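Worksheet for the structure shown next.
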Amino acid sequence: MKRFFLLASALAVWPWAMAQVIYQLDTNNITIGDQVTLSISGTENYRTLEELNQNGVVALKQWYDTVKGVQYTTLTSFDEGEHSIRLDTEDSLVLAVKDVEGVDTVNVQIKDIAPIITVKYTFWEIFRWILIGLAAAMLIAAIVYAVKRIKAHKPIIELHPEPIIPPDKRALKALEELRRKELWQSGKVKEYYTDLTDIVRRYLEEGWGINSTDMTSDETLEAYHDSKAYDETCESKLRQMLHTADMVKFAKGEPLPNEHTQAMTHAVEFVDTLANKTKQPTTGEQKPTVNPQ
């Protein structure tokens with residue numbers, strides 16, 4: 001009977017013990033503004049943040065450990081003293097809050113907010129704004145100019161063509177440059193005659209419409225004889241120059257030094273004479289000249 005009584009008593013107390021709610025703070029003493037964690041276990045009737053905001057205690061956040069069945073709440077307080085945290089009709093916890101050490105909250109002097117400090121602008125800051133203003137003004141001016149040009153049906157950027165140089169001036173300039181290279185003096189005889197005849201052939205094509213660059217020497221002479229540029233003396237000079245060049249380029253001939261100079265002289269006189277057939281120089285105008293030497 002005695003054993004039966006003890007077993008019955010244990011069975012009667014066991015559900016009450018299993019159902020006991022446990023409230024616990026990880027510390028009961030904090031400094032103003034510090035945080036403390038409240039844990040509640042053994043119940044499904046947890047406390048909300050609103051319920052824990054009481055008696056100078058502020059509930060900040062909550063989270064749950066579903067494995068352990070525990071609710072955690074972070075608390076703090078900004079009031080010095082002992083604060084009672086009531087959890088149900090019978091249980092409560094006491095949280096002691098002390099002031100920050102070394103801070104005199106009684107004799108604190110409250111001062112006005114310091115005035116705004118005025119900082120002077122530097123030269124580079126002012127210069128930067130000037131540049132920005134100039135750039136903005138130039139951009140506005142460019143936009144206005146472009147709009148006006150478009151409305152007037154004119155191109156925004158008007159390109160001026162380069163002045164046209166007459167064929168005879170281009171030929172005489174090229175002959176002078178060839179003379180200064182001194183090709184035949186340095187042994188480049190074939191290159192000298194090739195450049196010389198090319199200059200004259202281009203002049204016939206650009207100045208008189210004779211497509212000499214695609215013709216042989218004989219074809220060039222025949223076309224020149226039938227053109228408006230024909231001159232008996234010029235034809236003789238052209239013939240001698242072309243035949244001397246052909247002898248060097250195709251027959252590996254070796255003209256004498258005076259023949260090289262004479263070929264340049266004939267080329268210059270040929271171009272100069274034909275140029276005078278079509279126009280007369282204006283007063284004070286000097287035509288480019290070539291020293292055949």
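Following the order of the structure tokens, chains are lettered A, B, ..., residues in each are numbered from 1, and ligands are numbered from 1.
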
Please list as a short mmCIF file (atom, residue, chain, number, x, y, z; two decimals) with N, CA and C atoms, in the first residue's frame every residue within 9 Å of Gly33 in chain A, counting only C-alpha atoms and excluding residues in the same chain fewer than 4 positions away.
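Below is the file result.cif, written as the result:
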```cif
data_model
loop_
_atom_site.label_atom_id
_atom_site.label_comp_id
_atom_site.auth_asym_id
_atom_site.auth_seq_id
_atom_site.Cartn_x
_atom_site.Cartn_y
_atom_site.Cartn_z
N THR A 76 15.83 46.29 -23.08
CA THR A 76 16.73 47.35 -22.65
C THR A 76 15.96 48.34 -21.82
N SER A 77 16.67 49.30 -21.23
CA SER A 77 16.01 50.33 -20.42
C SER A 77 16.89 51.57 -20.42
N PHE A 78 16.23 52.72 -20.39
CA PHE A 78 16.93 53.99 -20.35
C PHE A 78 16.62 54.77 -19.08
N ASP A 79 16.03 54.07 -18.12
CA ASP A 79 15.70 54.68 -16.82
C ASP A 79 16.47 53.97 -15.72
N VAL A 97 18.83 48.65 -13.28
CA VAL A 97 19.49 49.49 -14.29
C VAL A 97 20.24 50.59 -13.56
#
```

Inset, instruction - Apply DSSP to the structure's backbone, then extract all residues of range 88-289 of chain A labelled helix (DSSP H, G or I) and return them as a PyMOL selection string. - result: chain A and resi 123-151+167-181+184-186+189-208+212-214+217-225+232-251+257-278

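With CA of Gln185 in chain A on one side and CA of Pro255 in chain A on the other, the separation reads 12.2 Å.
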
Inset, instruction - Between CA of Asp65 in chain A and CA of Leu95 in chain A, measure the distance and give it in Å to one decimal. - result: 23.5 Å

Legend entry - Nearest to Tyr230 in chain A, chosen from A:Lys277, A:Met264, A:Lys188, A:Ile116, with only C-alpha atoms counted in the distances: A:Lys277

Inset, instruction - Mind checking which residues fall within 12 Å of Glu191 in chain A, counting only C-alpha atoms, ignoring those fewer than 3 positions away in the same chain, and posting them as a VMD selection string? - result: chain A and resid 178 181 to 188 194 to 198 245 to 246 248 to 249

Would you mind exporting all heavy atoms of the selected residues as a compact mmCIF listing (two decimals), in the first residue's frame?
```
# COMPACT_ATOMS: atom_id res chain seq x y z
N LEU A 178 61.95 67.29 -108.62
CA LEU A 178 62.74 66.20 -109.20
C LEU A 178 64.19 66.63 -109.40
O LEU A 178 65.13 65.86 -109.15
CB LEU A 178 62.13 65.77 -110.54
CG LEU A 178 62.90 64.71 -111.32
CD1 LEU A 178 63.02 63.40 -110.53
CD2 LEU A 178 62.22 64.44 -112.67
N LYS A 181 66.27 66.44 -106.24
CA LYS A 181 66.59 65.10 -105.75
C LYS A 181 67.94 64.61 -106.24
O LYS A 181 68.55 63.73 -105.63
CB LYS A 181 65.50 64.10 -106.18
CG LYS A 181 64.17 64.29 -105.48
CD LYS A 181 63.17 63.24 -105.95
CE LYS A 181 61.82 63.40 -105.27
NZ LYS A 181 60.85 62.37 -105.75
N GLU A 182 68.40 65.17 -107.43
CA GLU A 182 69.70 64.79 -108.00
C GLU A 182 69.81 63.27 -108.16
O GLU A 182 70.76 62.63 -107.72
CB GLU A 182 70.83 65.32 -107.13
CG GLU A 182 70.87 66.84 -107.04
CD GLU A 182 72.07 67.36 -106.26
OE1 GLU A 182 72.77 66.53 -105.63
OE2 GLU A 182 72.32 68.58 -106.30
N LEU A 183 68.81 62.70 -108.83
CA LEU A 183 68.79 61.25 -109.00
C LEU A 183 69.89 60.77 -109.95
O LEU A 183 70.61 59.81 -109.64
CB LEU A 183 67.41 60.81 -109.52
CG LEU A 183 66.22 61.03 -108.56
CD1 LEU A 183 64.92 60.59 -109.21
CD2 LEU A 183 66.43 60.26 -107.27
N TRP A 184 69.98 61.40 -111.11
CA TRP A 184 70.98 60.89 -112.06
C TRP A 184 72.40 61.15 -111.56
O TRP A 184 73.33 60.39 -111.86
CB TRP A 184 70.76 61.50 -113.45
CG TRP A 184 71.02 62.99 -113.57
CD1 TRP A 184 70.13 64.00 -113.48
CD2 TRP A 184 72.30 63.61 -113.83
NE1 TRP A 184 70.71 65.21 -113.65
CE2 TRP A 184 72.07 65.01 -113.89
CE3 TRP A 184 73.60 63.14 -114.05
CZ2 TRP A 184 73.09 65.93 -114.12
CZ3 TRP A 184 74.61 64.06 -114.29
CH2 TRP A 184 74.35 65.43 -114.32
N GLN A 185 72.59 62.19 -110.74
CA GLN A 185 73.91 62.44 -110.17
C GLN A 185 74.32 61.33 -109.19
O GLN A 185 75.51 61.10 -108.98
CB GLN A 185 73.94 63.79 -109.44
CG GLN A 185 73.82 65.00 -110.36
CD GLN A 185 72.38 65.42 -110.57
OE1 GLN A 185 71.47 64.61 -110.49
NE2 GLN A 185 72.18 66.71 -110.87
N SER A 186 73.32 60.66 -108.59
CA SER A 186 73.62 59.57 -107.63
C SER A 186 73.49 58.20 -108.27
O SER A 186 73.41 57.19 -107.58
CB SER A 186 72.69 59.67 -106.42
OG SER A 186 71.33 59.61 -106.82
N GLY A 187 73.42 58.14 -109.62
CA GLY A 187 73.39 56.86 -110.32
C GLY A 187 72.01 56.31 -110.60
O GLY A 187 71.88 55.24 -111.19
N LYS A 188 70.94 57.01 -110.18
CA LYS A 188 69.58 56.53 -110.39
C LYS A 188 69.03 57.14 -111.68
O LYS A 188 68.05 57.89 -111.69
CB LYS A 188 68.70 56.89 -109.20
CG LYS A 188 69.19 56.28 -107.88
CD LYS A 188 68.32 56.71 -106.72
CE LYS A 188 68.82 56.13 -105.42
NZ LYS A 188 68.00 56.55 -104.26
N THR A 194 62.14 58.03 -115.55
CA THR A 194 60.76 57.57 -115.31
C THR A 194 59.93 58.69 -114.67
O THR A 194 58.81 58.97 -115.10
CB THR A 194 60.76 56.34 -114.38
OG1 THR A 194 61.49 55.28 -115.02
CG2 THR A 194 59.34 55.88 -114.08
N ASP A 195 60.48 59.34 -113.64
CA ASP A 195 59.76 60.44 -112.98
C ASP A 195 59.58 61.62 -113.93
O ASP A 195 58.53 62.28 -113.94
CB ASP A 195 60.51 60.88 -111.72
CG ASP A 195 60.48 59.83 -110.64
OD1 ASP A 195 59.71 58.85 -110.77
OD2 ASP A 195 61.23 59.98 -109.64
N LEU A 196 60.60 61.90 -114.74
CA LEU A 196 60.54 63.04 -115.65
C LEU A 196 59.42 62.87 -116.67
O LEU A 196 58.60 63.79 -116.89
CB LEU A 196 61.89 63.20 -116.36
CG LEU A 196 62.02 64.36 -117.35
CD1 LEU A 196 61.93 65.69 -116.61
CD2 LEU A 196 63.33 64.28 -118.13
N THR A 197 59.36 61.72 -117.31
CA THR A 197 58.32 61.50 -118.33
C THR A 197 56.93 61.39 -117.69
O THR A 197 55.93 61.80 -118.30
CB THR A 197 58.62 60.21 -119.13
OG1 THR A 197 58.82 59.11 -118.22
CG2 THR A 197 59.87 60.39 -119.97
N ASP A 198 56.85 60.86 -116.48
CA ASP A 198 55.54 60.77 -115.80
C ASP A 198 54.98 62.17 -115.55
O ASP A 198 53.77 62.39 -115.69
CB ASP A 198 55.67 60.03 -114.47
CG ASP A 198 55.82 58.52 -114.67
OD1 ASP A 198 55.54 58.05 -115.80
OD2 ASP A 198 56.20 57.82 -113.70
N ALA A 245 64.45 58.98 -122.88
CA ALA A 245 63.94 58.22 -121.74
C ALA A 245 63.71 56.76 -122.12
O ALA A 245 64.03 55.85 -121.34
CB ALA A 245 62.64 58.85 -121.23
N ASP A 246 63.16 56.49 -123.31
CA ASP A 246 62.95 55.10 -123.76
C ASP A 246 64.27 54.36 -123.91
O ASP A 246 64.36 53.16 -123.61
CB ASP A 246 62.18 55.10 -125.09
CG ASP A 246 60.74 55.51 -124.92
OD1 ASP A 246 60.26 55.51 -123.75
OD2 ASP A 246 60.08 55.83 -125.93
N VAL A 248 66.92 54.81 -122.16
CA VAL A 248 67.42 54.47 -120.82
C VAL A 248 66.58 53.35 -120.21
O VAL A 248 67.11 52.38 -119.64
CB VAL A 248 67.42 55.71 -119.91
CG1 VAL A 248 67.76 55.33 -118.47
CG2 VAL A 248 68.39 56.75 -120.44
N LYS A 249 65.26 53.45 -120.31
CA LYS A 249 64.37 52.51 -119.61
C LYS A 249 64.31 51.15 -120.28
O LYS A 249 64.21 50.12 -119.59
CB LYS A 249 62.96 53.12 -119.52
CG LYS A 249 62.87 54.32 -118.59
CD LYS A 249 61.44 54.74 -118.32
CE LYS A 249 60.82 55.35 -119.57
NZ LYS A 249 59.44 55.85 -119.33
```

Inset, instruction - Please identify all polymer residues within 7 Å of range 40-50 of chain A, counting only C-alpha atoms, omitting same-chain residues fewer than 5 positions from it, and present them as an MDAnalysis selection string. - result: chainID A and resid 19:24 59 69:72
